[in-house]
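Structure data (PDB, C-alpha atoms) from my_file-v4.pdb:
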```
ATOM      1  CA  MET H   1      62.640 203.101  95.779  1.00  0.00           C
ATOM      2  CA  PRO H   2      64.418 200.737  93.371  1.00  0.00           C
ATOM      3  CA  MET H   3      67.949 201.571  92.319  1.00  0.00           C
ATOM      4  CA  GLU H   4      69.068 202.440  88.817  1.00  0.00           C
ATOM      5  CA  ALA H   5      72.069 200.844  87.122  1.00  0.00           C
ATOM      6  CA  ARG H   6      74.034 204.080  87.457  1.00  0.00           C
ATOM      7  CA  ASP H   7      73.314 204.257  91.199  1.00  0.00           C
ATOM      8  CA  ILE H   8      74.648 200.752  91.688  1.00  0.00           C
ATOM      9  CA  GLU H   9      77.671 201.439  89.529  1.00  0.00           C
ATOM     10  CA  SER H  10      78.544 204.689  91.270  1.00  0.00           C
ATOM     11  CA  LEU H  11      78.448 203.068  94.723  1.00  0.00           C
ATOM     12  CA  ILE H  12      80.730 200.267  93.548  1.00  0.00           C
ATOM     13  CA  ARG H  13      82.883 202.762  91.632  1.00  0.00           C
ATOM     14  CA  ALA H  14      83.455 204.816  94.772  1.00  0.00           C
ATOM     15  CA  ALA H  15      85.095 201.817  96.420  1.00  0.00           C
ATOM     16  CA  PHE H  16      86.795 200.430  93.304  1.00  0.00           C
ATOM     17  CA  PRO H  17      87.735 203.456  91.165  1.00  0.00           C
ATOM     18  CA  ASP H  18      89.715 201.471  88.577  1.00  0.00           C
ATOM     19  CA  ALA H  19      87.462 198.431  88.300  1.00  0.00           C
ATOM     20  CA  ARG H  20      85.778 197.185  85.165  1.00  0.00           C
ATOM     21  CA  ILE H  21      82.120 197.211  86.202  1.00  0.00           C
ATOM     22  CA  THR H  22      79.289 195.791  84.122  1.00  0.00           C
ATOM     23  CA  ILE H  23      75.713 196.155  85.341  1.00  0.00           C
ATOM     24  CA  THR H  24      72.956 194.132  83.666  1.00  0.00           C
ATOM     25  CA  ASP H  25      69.218 194.334  84.235  1.00  0.00           C
ATOM     26  CA  LEU H  26      68.440 190.621  84.406  1.00  0.00           C
ATOM     27  CA  ALA H  27      64.675 190.699  84.240  1.00  0.00           C
ATOM     28  CA  GLY H  28      64.118 194.046  82.543  1.00  0.00           C
ATOM     29  CA  ASP H  29      62.185 195.170  85.590  1.00  0.00           C
ATOM     30  CA  GLY H  30      64.785 197.481  87.140  1.00  0.00           C
ATOM     31  CA  ASN H  31      64.771 195.283  90.210  1.00  0.00           C
ATOM     32  CA  HIS H  32      66.906 192.231  89.453  1.00  0.00           C
ATOM     33  CA  TRP H  33      70.470 193.179  88.646  1.00  0.00           C
ATOM     34  CA  ALA H  34      73.714 191.461  87.841  1.00  0.00           C
ATOM     35  CA  ALA H  35      77.045 193.130  88.452  1.00  0.00           C
ATOM     36  CA  GLU H  36      80.402 191.947  87.238  1.00  0.00           C
ATOM     37  CA  VAL H  37      83.312 193.630  88.959  1.00  0.00           C
ATOM     38  CA  VAL H  38      86.851 193.018  87.770  1.00  0.00           C
ATOM     39  CA  ASP H  39      89.460 194.684  89.921  1.00  0.00           C
ATOM     40  CA  GLU H  40      93.138 194.269  90.635  1.00  0.00           C
ATOM     41  CA  SER H  41      92.499 194.528  94.378  1.00  0.00           C
ATOM     42  CA  PHE H  42      90.715 191.157  94.236  1.00  0.00           C
ATOM     43  CA  ARG H  43      93.912 189.308  93.428  1.00  0.00           C
ATOM     44  CA  GLY H  44      94.732 186.894  96.221  1.00  0.00           C
ATOM     45  CA  MET H  45      91.264 187.138  97.756  1.00  0.00           C
ATOM     46  CA  ASN H  46      88.797 184.271  97.610  1.00  0.00           C
ATOM     47  CA  ARG H  47      85.317 184.864  96.179  1.00  0.00           C
ATOM     48  CA  VAL H  48      83.744 185.330  99.593  1.00  0.00           C
ATOM     49  CA  GLN H  49      86.254 188.062 100.447  1.00  0.00           C
ATOM     50  CA  GLN H  50      85.817 189.707  97.028  1.00  0.00           C
ATOM     51  CA  GLN H  51      82.043 189.757  97.256  1.00  0.00           C
ATOM     52  CA  ARG H  52      82.052 190.942 100.882  1.00  0.00           C
ATOM     53  CA  ALA H  53      84.077 193.927  99.668  1.00  0.00           C
ATOM     54  CA  VAL H  54      81.518 194.675  96.949  1.00  0.00           C
ATOM     55  CA  TYR H  55      78.602 194.281  99.342  1.00  0.00           C
ATOM     56  CA  ALA H  56      80.380 196.655 101.730  1.00  0.00           C
ATOM     57  CA  SER H  57      80.582 199.260  98.955  1.00  0.00           C
ATOM     58  CA  LEU H  58      76.799 199.062  98.565  1.00  0.00           C
ATOM     59  CA  ARG H  59      76.491 200.216 102.166  1.00  0.00           C
ATOM     60  CA  GLY H  60      73.346 198.538 103.291  1.00  0.00           C
ATOM     61  CA  SER H  61      71.447 198.754 100.005  1.00  0.00           C
ATOM     62  CA  MET H  62      71.033 194.972 100.113  1.00  0.00           C
ATOM     63  CA  ASP H  63      69.731 194.885 103.663  1.00  0.00           C
ATOM     64  CA  GLY H  64      66.369 193.426 104.371  1.00  0.00           C
ATOM     65  CA  PRO H  65      62.909 194.364 103.201  1.00  0.00           C
ATOM     66  CA  SER H  66      63.770 198.079 103.286  1.00  0.00           C
ATOM     67  CA  GLY H  67      66.895 197.610 101.153  1.00  0.00           C
ATOM     68  CA  ALA H  68      66.719 199.448  97.845  1.00  0.00           C
ATOM     69  CA  LEU H  69      68.455 196.614  96.073  1.00  0.00           C
ATOM     70  CA  HIS H  70      66.247 193.555  95.914  1.00  0.00           C
ATOM     71  CA  ALA H  71      68.407 191.210  93.886  1.00  0.00           C
ATOM     72  CA  LEU H  72      71.990 191.565  92.730  1.00  0.00           C
ATOM     73  CA  ALA H  73      73.836 188.638  91.199  1.00  0.00           C
ATOM     74  CA  LEU H  74      77.552 189.209  91.686  1.00  0.00           C
ATOM     75  CA  THR H  75      80.533 188.019  89.715  1.00  0.00           C
ATOM     76  CA  THR H  76      83.925 189.151  90.944  1.00  0.00           C
ATOM     77  CA  LYS H  77      87.441 188.447  89.786  1.00  0.00           C
ATOM     78  CA  ALA H  78      90.877 189.877  89.306  1.00  0.00           C
ATOM     79  CA  PRO H  79      91.877 190.829  85.748  1.00  0.00           C
ATOM     80  CA  ASP H  80      93.377 187.968  83.693  1.00  0.00           C
TER      81      ASP H  80
ATOM     82  CA  MET D   1      69.324 179.672 123.130  1.00  0.00           C
ATOM     83  CA  THR D   2      70.120 182.849 121.195  1.00  0.00           C
ATOM     84  CA  ALA D   3      69.893 182.930 117.402  1.00  0.00           C
ATOM     85  CA  THR D   4      73.692 182.939 117.176  1.00  0.00           C
ATOM     86  CA  ASP D   5      73.948 179.888 119.445  1.00  0.00           C
ATOM     87  CA  GLN D   6      71.319 178.147 117.353  1.00  0.00           C
ATOM     88  CA  ILE D   7      73.263 178.895 114.165  1.00  0.00           C
ATOM     89  CA  ARG D   8      76.526 177.712 115.722  1.00  0.00           C
ATOM     90  CA  ASP D   9      74.835 174.552 116.950  1.00  0.00           C
ATOM     91  CA  THR D  10      73.290 173.782 113.553  1.00  0.00           C
ATOM     92  CA  ILE D  11      76.525 174.160 111.593  1.00  0.00           C
ATOM     93  CA  ALA D  12      78.430 172.162 114.233  1.00  0.00           C
ATOM     94  CA  LYS D  13      75.981 169.256 114.080  1.00  0.00           C
ATOM     95  CA  ASN D  14      75.526 169.055 110.308  1.00  0.00           C
ATOM     96  CA  ASP D  15      78.281 168.667 107.725  1.00  0.00           C
ATOM     97  CA  VAL D  16      76.324 170.657 105.152  1.00  0.00           C
ATOM     98  CA  VAL D  17      73.809 173.368 106.043  1.00  0.00           C
ATOM     99  CA  LEU D  18      71.832 175.597 103.698  1.00  0.00           C
ATOM    100  CA  PHE D  19      70.252 178.711 105.181  1.00  0.00           C
ATOM    101  CA  MET D  20      67.489 179.481 102.721  1.00  0.00           C
ATOM    102  CA  LYS D  21      64.110 181.076 102.152  1.00  0.00           C
ATOM    103  CA  GLY D  22      61.642 178.217 102.338  1.00  0.00           C
ATOM    104  CA  THR D  23      62.573 174.576 102.549  1.00  0.00           C
ATOM    105  CA  ARG D  24      64.490 172.176 100.340  1.00  0.00           C
ATOM    106  CA  ALA D  25      61.165 170.764  99.140  1.00  0.00           C
ATOM    107  CA  MET D  26      59.451 174.126  98.802  1.00  0.00           C
ATOM    108  CA  PRO D  27      61.897 176.998  98.264  1.00  0.00           C
ATOM    109  CA  GLN D  28      60.358 180.486  98.445  1.00  0.00           C
ATOM    110  CA  CYS D  29      62.959 182.327  96.390  1.00  0.00           C
ATOM    111  CA  GLY D  30      64.705 181.665  93.098  1.00  0.00           C
ATOM    112  CA  PHE D  31      68.201 182.010  94.531  1.00  0.00           C
ATOM    113  CA  SER D  32      67.484 179.595  97.379  1.00  0.00           C
ATOM    114  CA  SER D  33      65.793 177.274  94.936  1.00  0.00           C
ATOM    115  CA  ARG D  34      68.833 177.170  92.699  1.00  0.00           C
ATOM    116  CA  VAL D  35      71.255 176.163  95.468  1.00  0.00           C
ATOM    117  CA  ALA D  36      68.843 173.656  97.031  1.00  0.00           C
ATOM    118  CA  GLY D  37      68.275 172.243  93.546  1.00  0.00           C
ATOM    119  CA  VAL D  38      72.004 171.679  93.035  1.00  0.00           C
ATOM    120  CA  LEU D  39      72.388 169.950  96.392  1.00  0.00           C
ATOM    121  CA  ASN D  40      69.267 167.858  95.861  1.00  0.00           C
ATOM    122  CA  TYR D  41      70.346 166.825  92.385  1.00  0.00           C
ATOM    123  CA  MET D  42      73.878 166.001  93.546  1.00  0.00           C
ATOM    124  CA  GLY D  43      72.423 163.836  96.301  1.00  0.00           C
ATOM    125  CA  VAL D  44      74.183 165.754  99.060  1.00  0.00           C
ATOM    126  CA  GLU D  45      72.880 165.181 102.559  1.00  0.00           C
ATOM    127  CA  TYR D  46      72.225 168.574 104.135  1.00  0.00           C
ATOM    128  CA  ALA D  47      70.202 170.398 106.728  1.00  0.00           C
ATOM    129  CA  ASP D  48      67.941 173.145 105.415  1.00  0.00           C
ATOM    130  CA  VAL D  49      67.154 176.085 107.674  1.00  0.00           C
ATOM    131  CA  ASP D  50      64.191 178.212 106.621  1.00  0.00           C
ATOM    132  CA  VAL D  51      65.103 181.758 107.614  1.00  0.00           C
ATOM    133  CA  LEU D  52      61.563 182.949 106.863  1.00  0.00           C
ATOM    134  CA  ALA D  53      60.376 180.901 109.833  1.00  0.00           C
ATOM    135  CA  ASP D  54      62.422 182.954 112.308  1.00  0.00           C
ATOM    136  CA  PRO D  55      63.288 186.657 111.896  1.00  0.00           C
ATOM    137  CA  GLU D  56      66.103 186.331 114.451  1.00  0.00           C
ATOM    138  CA  ILE D  57      67.781 183.578 112.447  1.00  0.00           C
ATOM    139  CA  ARG D  58      67.178 185.546 109.256  1.00  0.00           C
ATOM    140  CA  GLN D  59      69.088 188.551 110.594  1.00  0.00           C
ATOM    141  CA  GLY D  60      71.373 186.420 112.761  1.00  0.00           C
ATOM    142  CA  ILE D  61      72.854 184.442 109.887  1.00  0.00           C
ATOM    143  CA  LYS D  62      73.619 187.655 107.982  1.00  0.00           C
ATOM    144  CA  ASP D  63      75.518 189.025 110.967  1.00  0.00           C
ATOM    145  CA  PHE D  64      77.166 185.683 111.728  1.00  0.00           C
ATOM    146  CA  SER D  65      78.524 185.263 108.191  1.00  0.00           C
ATOM    147  CA  ASP D  66      79.030 188.977 107.508  1.00  0.00           C
ATOM    148  CA  TRP D  67      77.033 188.353 104.341  1.00  0.00           C
ATOM    149  CA  PRO D  68      73.898 190.357 103.449  1.00  0.00           C
ATOM    150  CA  THR D  69      71.997 187.847 101.338  1.00  0.00           C
ATOM    151  CA  ILE D  70      70.256 184.483 101.554  1.00  0.00           C
ATOM    152  CA  PRO D  71      70.898 181.614 100.671  1.00  0.00           C
ATOM    153  CA  GLN D  72      74.110 180.809 102.509  1.00  0.00           C
ATOM    154  CA  LEU D  73      75.893 177.483 102.283  1.00  0.00           C
ATOM    155  CA  TYR D  74      78.059 176.055 105.053  1.00  0.00           C
ATOM    156  CA  VAL D  75      80.249 172.963 104.657  1.00  0.00           C
ATOM    157  CA  LYS D  76      81.903 171.523 107.778  1.00  0.00           C
ATOM    158  CA  GLY D  77      81.398 174.755 109.657  1.00  0.00           C
ATOM    159  CA  GLU D  78      82.910 176.895 106.917  1.00  0.00           C
ATOM    160  CA  PHE D  79      80.979 179.548 104.975  1.00  0.00           C
ATOM    161  CA  VAL D  80      81.204 178.691 101.278  1.00  0.00           C
ATOM    162  CA  GLY D  81      79.132 181.503  99.800  1.00  0.00           C
ATOM    163  CA  GLY D  82      75.770 182.488  98.404  1.00  0.00           C
ATOM    164  CA  CYS D  83      73.941 181.600  95.214  1.00  0.00           C
ATOM    165  CA  ASP D  84      76.404 183.175  92.772  1.00  0.00           C
ATOM    166  CA  ILE D  85      79.487 181.586  94.324  1.00  0.00           C
ATOM    167  CA  VAL D  86      77.855 178.165  94.635  1.00  0.00           C
ATOM    168  CA  THR D  87      76.712 178.350  91.010  1.00  0.00           C
ATOM    169  CA  GLU D  88      80.199 179.282  89.788  1.00  0.00           C
ATOM    170  CA  MET D  89      81.782 176.544  91.910  1.00  0.00           C
ATOM    171  CA  THR D  90      79.298 173.955  90.648  1.00  0.00           C
ATOM    172  CA  LEU D  91      80.054 174.747  87.029  1.00  0.00           C
ATOM    173  CA  SER D  92      83.824 174.955  87.504  1.00  0.00           C
ATOM    174  CA  GLY D  93      84.049 171.711  89.483  1.00  0.00           C
ATOM    175  CA  GLU D  94      85.342 173.515  92.587  1.00  0.00           C
ATOM    176  CA  LEU D  95      82.295 172.394  94.545  1.00  0.00           C
ATOM    177  CA  ASP D  96      83.183 168.758  93.798  1.00  0.00           C
ATOM    178  CA  GLN D  97      86.719 169.433  95.003  1.00  0.00           C
ATOM    179  CA  LEU D  98      85.425 171.043  98.175  1.00  0.00           C
ATOM    180  CA  PHE D  99      83.136 168.102  98.946  1.00  0.00           C
ATOM    181  CA  GLU D 100      85.986 165.685  98.291  1.00  0.00           C
ATOM    182  CA  ALA D 101      88.402 167.628 100.471  1.00  0.00           C
ATOM    183  CA  LYS D 102      85.844 167.779 103.277  1.00  0.00           C
ATOM    184  CA  GLY D 103      84.721 164.171 102.939  1.00  0.00           C
ATOM    185  CA  VAL D 104      81.139 165.005 101.956  1.00  0.00           C
ATOM    186  CA  ALA D 105      79.418 162.372  99.790  1.00  0.00           C
ATOM    187  CA  TYR D 106      77.936 163.548  96.489  1.00  0.00           C
ATOM    188  CA  ASP D 107      76.985 162.131  93.119  1.00  0.00           C
ATOM    189  CA  ARG D 108      79.764 162.937  90.697  1.00  0.00           C
ATOM    190  CA  ASP D 109      77.727 161.855  87.656  1.00  0.00           C
ATOM    191  CA  ALA D 110      74.920 164.208  88.622  1.00  0.00           C
ATOM    192  CA  ALA D 111      77.405 167.068  88.974  1.00  0.00           C
ATOM    193  CA  ASP D 112      78.768 166.268  85.520  1.00  0.00           C
ATOM    194  CA  LYS D 113      75.227 166.313  84.126  1.00  0.00           C
ATOM    195  CA  ILE D 114      74.655 169.795  85.558  1.00  0.00           C
ATOM    196  CA  ARG D 115      77.866 170.953  83.904  1.00  0.00           C
ATOM    197  CA  ALA D 116      76.992 169.313  80.594  1.00  0.00           C
ATOM    198  CA  ALA D 117      73.559 170.945  80.614  1.00  0.00           C
ATOM    199  CA  ASN D 118      75.102 174.366  81.258  1.00  0.00           C
ATOM    200  CA  ALA D 119      78.050 174.112  78.915  1.00  0.00           C
ATOM    201  CA  SER D 120      78.225 177.147  76.697  1.00  0.00           C
TER     202      SER D 120
END
```
Step by step, read the file and then write its structure as structure tokens.
Amino acid sequence: MPMEARDIESLIRAAFPDARITITDLAGDGNHWAAEVVDESFRGMNRVQQQRAVYASLRGSMDGPSGALHALALTTKAPD
Amino acid sequence: MTATDQIRDTIAKNDVVLFMKGTRAMPQCGFSSRVAGVLNYMGVEYADVDVLADPEIRQGIKDFSDWPTIPQLYVKGEFVGGCDIVTEMTLSGELDQLFEAKGVAYDRDAADKIRAANAS
């Protein structure tokens, strides 16, 4: 069952309540998403650490053939 | 040898390793293709590991890196990131800096051409 933009956002939102989150449907097929997450908590973390934290918030949705989230391009940063 | 030992061995023996779906010559996924394409174009010498060829490596590298997606790039034993991070680093010049800091040969002109072609 593919995920909707609001499902993705609410999972990320639960972990990063104050983040600026932008979800884009890359291919228009509801299956290839991009998420930009801008959050103060990322300050001082490198990109790998930032994106691990976002992946963790998705709690297994990315995992393997059974994962609901097939493709999610991530951009993470701290606010300017 | 366990999958984890195999992974450890591969990243110890090769300065640059790309864990990917498919091979450098025939990638089986757009994200893997993009990273392999950058490395190929920049003339970087690297080992490609096709995770589709071995389910234990496919899961093993995710656990090893604590990273849920493929591709995964390693430079001198250090996890650099997946497709999005490598793309950002290519365009910002950070990938060049990393290769220079780690003593990995690459074609600077080719890297500049990628940046010129993607300049917004």
Tell me as a tab-separated table (two decimals) with C-alpha atoms, keeping the file's coordinate frame which residues belonging to chain H come within 9 Å of chain D, counting all atoms listed in the file.
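Now in result-v4.tsv:
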```tsv
chain	number	residue	atom	x	y	z
H	47	ARG	CA	85.32	184.86	96.18
H	48	VAL	CA	83.74	185.33	99.59
H	51	GLN	CA	82.04	189.76	97.26
H	52	ARG	CA	82.05	190.94	100.88
H	55	TYR	CA	78.60	194.28	99.34
H	60	GLY	CA	73.35	198.54	103.29
H	62	MET	CA	71.03	194.97	100.11
H	63	ASP	CA	69.73	194.88	103.66
H	64	GLY	CA	66.37	193.43	104.37
H	71	ALA	CA	68.41	191.21	93.89
H	73	ALA	CA	73.84	188.64	91.20
H	74	LEU	CA	77.55	189.21	91.69
H	75	THR	CA	80.53	188.02	89.72
```
Would you kindly translate the PyMOL selection byres ((chain H and resi 58) around 10) into the concrete residues it picks from this file, as a PDB file with C-alpha atoms, keeping the file's coordinate frame?
```
ATOM      1  CA  ASP H   7      73.314 204.257  91.199  1.00  0.00           C
ATOM      2  CA  ILE H   8      74.648 200.752  91.688  1.00  0.00           C
ATOM      3  CA  GLU H   9      77.671 201.439  89.529  1.00  0.00           C
ATOM      4  CA  SER H  10      78.544 204.689  91.270  1.00  0.00           C
ATOM      5  CA  LEU H  11      78.448 203.068  94.723  1.00  0.00           C
ATOM      6  CA  ILE H  12      80.730 200.267  93.548  1.00  0.00           C
ATOM      7  CA  ARG H  13      82.883 202.762  91.632  1.00  0.00           C
ATOM      8  CA  ALA H  14      83.455 204.816  94.772  1.00  0.00           C
ATOM      9  CA  ALA H  15      85.095 201.817  96.420  1.00  0.00           C
ATOM     10  CA  ARG H  52      82.052 190.942 100.882  1.00  0.00           C
ATOM     11  CA  ALA H  53      84.077 193.927  99.668  1.00  0.00           C
ATOM     12  CA  VAL H  54      81.518 194.675  96.949  1.00  0.00           C
ATOM     13  CA  TYR H  55      78.602 194.281  99.342  1.00  0.00           C
ATOM     14  CA  ALA H  56      80.380 196.655 101.730  1.00  0.00           C
ATOM     15  CA  SER H  57      80.582 199.260  98.955  1.00  0.00           C
ATOM     16  CA  ARG H  59      76.491 200.216 102.166  1.00  0.00           C
ATOM     17  CA  GLY H  60      73.346 198.538 103.291  1.00  0.00           C
ATOM     18  CA  SER H  61      71.447 198.754 100.005  1.00  0.00           C
ATOM     19  CA  MET H  62      71.033 194.972 100.113  1.00  0.00           C
ATOM     20  CA  ASP H  63      69.731 194.885 103.663  1.00  0.00           C
ATOM     21  CA  LEU H  69      68.455 196.614  96.073  1.00  0.00           C
TER      22      LEU H  69
END
```
Centre and size of axis-aligned box enclosing region 48-58 of chain H plus 6 Å each side, as JSON:
```
{"center_x": 81.5, "center_y": 192.3, "center_z": 99.3, "size_x": 21.5, "size_y": 25.9, "size_z": 16.8}
```
To one decimal place in Å, what is the distance between CA of Lys102 (chain D) and CA of Tyr74 (chain D)?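 Those two atoms sit 11.5 Å apart.
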Got a sec to resolve the PyMOL selection byres ((chain H and resi 36) around 6) on this structure and send the residues as a ChimeraX atom specification? /H:21-22,35,37,74-76
Considering all atoms listed in the file, can you say which of D:Ala119, D:Ile114, D:Ile7, D:Ile61 comes closest to Tyr41 (chain D)? D:Ile114
Just checking: using all atoms listed in the file, which residue out of H:Pro79, H:Gly30, H:Ala5, H:Arg20 ends up closest to Phe42 (chain H)?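 That would be H:Pro79, the residue with the smallest distance to Phe42 (chain H).
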Output of region 14-78 of chain H limited to C-alpha atoms, as a compact mmCIF listing (two decimals), in the first residue's frame:
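After the write, decode_3.txt holds the following:
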```
# COMPACT_ATOMS: atom_id res chain seq x y z
CA ALA H 14 5.95 13.35 14.95
CA ALA H 15 9.73 13.30 15.32
CA PHE H 16 10.36 16.91 14.27
CA PRO H 17 7.34 18.92 15.47
CA ASP H 18 8.78 22.33 14.56
CA ALA H 19 10.41 21.42 11.25
CA ARG H 20 9.65 22.97 7.90
CA ILE H 21 8.65 19.92 5.86
CA THR H 22 8.01 19.95 2.13
CA ILE H 23 6.82 16.77 0.41
CA THR H 24 6.87 16.58 -3.39
CA ASP H 25 5.52 13.83 -5.62
CA LEU H 26 8.44 13.53 -8.03
CA ALA H 27 6.90 11.36 -10.70
CA GLY H 28 3.22 12.08 -10.16
CA ASP H 29 2.69 8.41 -9.44
CA GLY H 30 2.29 8.58 -5.65
CA ASN H 31 5.31 6.33 -5.32
CA HIS H 32 8.41 8.48 -5.80
CA TRP H 33 8.63 11.22 -3.21
CA ALA H 34 11.00 13.97 -2.24
CA ALA H 35 11.06 15.38 1.26
CA GLU H 36 12.86 18.49 2.40
CA VAL H 37 13.17 18.77 6.15
CA VAL H 38 14.56 21.91 7.72
CA ASP H 39 14.94 21.67 11.47
CA GLU H 40 16.94 23.39 14.16
CA SER H 41 17.90 20.03 15.67
CA PHE H 42 20.03 19.33 12.59
CA ARG H 43 22.49 22.07 13.46
CA GLY H 44 25.89 20.57 14.12
CA MET H 45 24.97 17.22 12.57
CA ASN H 46 26.42 16.07 9.27
CA ARG H 47 24.08 15.02 6.45
CA VAL H 48 24.38 11.34 7.26
CA GLN H 49 23.33 11.97 10.86
CA GLN H 50 20.48 14.26 9.76
CA GLN H 51 19.11 11.77 7.26
CA ARG H 52 19.49 8.83 9.65
CA ALA H 53 17.26 10.77 12.04
CA VAL H 54 14.64 11.29 9.33
CA TYR H 55 14.79 7.66 8.25
CA ALA H 56 14.34 6.67 11.90
CA SER H 57 11.16 8.76 12.06
CA LEU H 58 9.77 6.78 9.12
CA ARG H 59 10.04 3.66 11.26
CA GLY H 60 10.71 0.99 8.73
CA SER H 61 8.57 2.40 5.92
CA MET H 62 11.66 2.38 3.70
CA ASP H 63 12.59 -1.21 4.47
CA GLY H 64 12.84 -3.70 1.70
CA PRO H 65 10.31 -4.96 -0.80
CA SER H 66 7.51 -4.81 1.80
CA GLY H 67 8.27 -1.19 2.70
CA ALA H 68 5.40 1.16 1.93
CA LEU H 69 7.78 3.85 0.80
CA HIS H 70 9.48 2.88 -2.43
CA ALA H 71 11.51 5.99 -3.14
CA LEU H 72 12.11 9.06 -1.01
CA ALA H 73 14.70 11.63 -2.00
CA LEU H 74 15.79 13.47 1.13
CA THR H 75 17.17 16.94 1.63
CA THR H 76 17.94 17.95 5.19
CA LYS H 77 19.42 21.06 6.71
CA ALA H 78 19.31 23.42 9.63
```
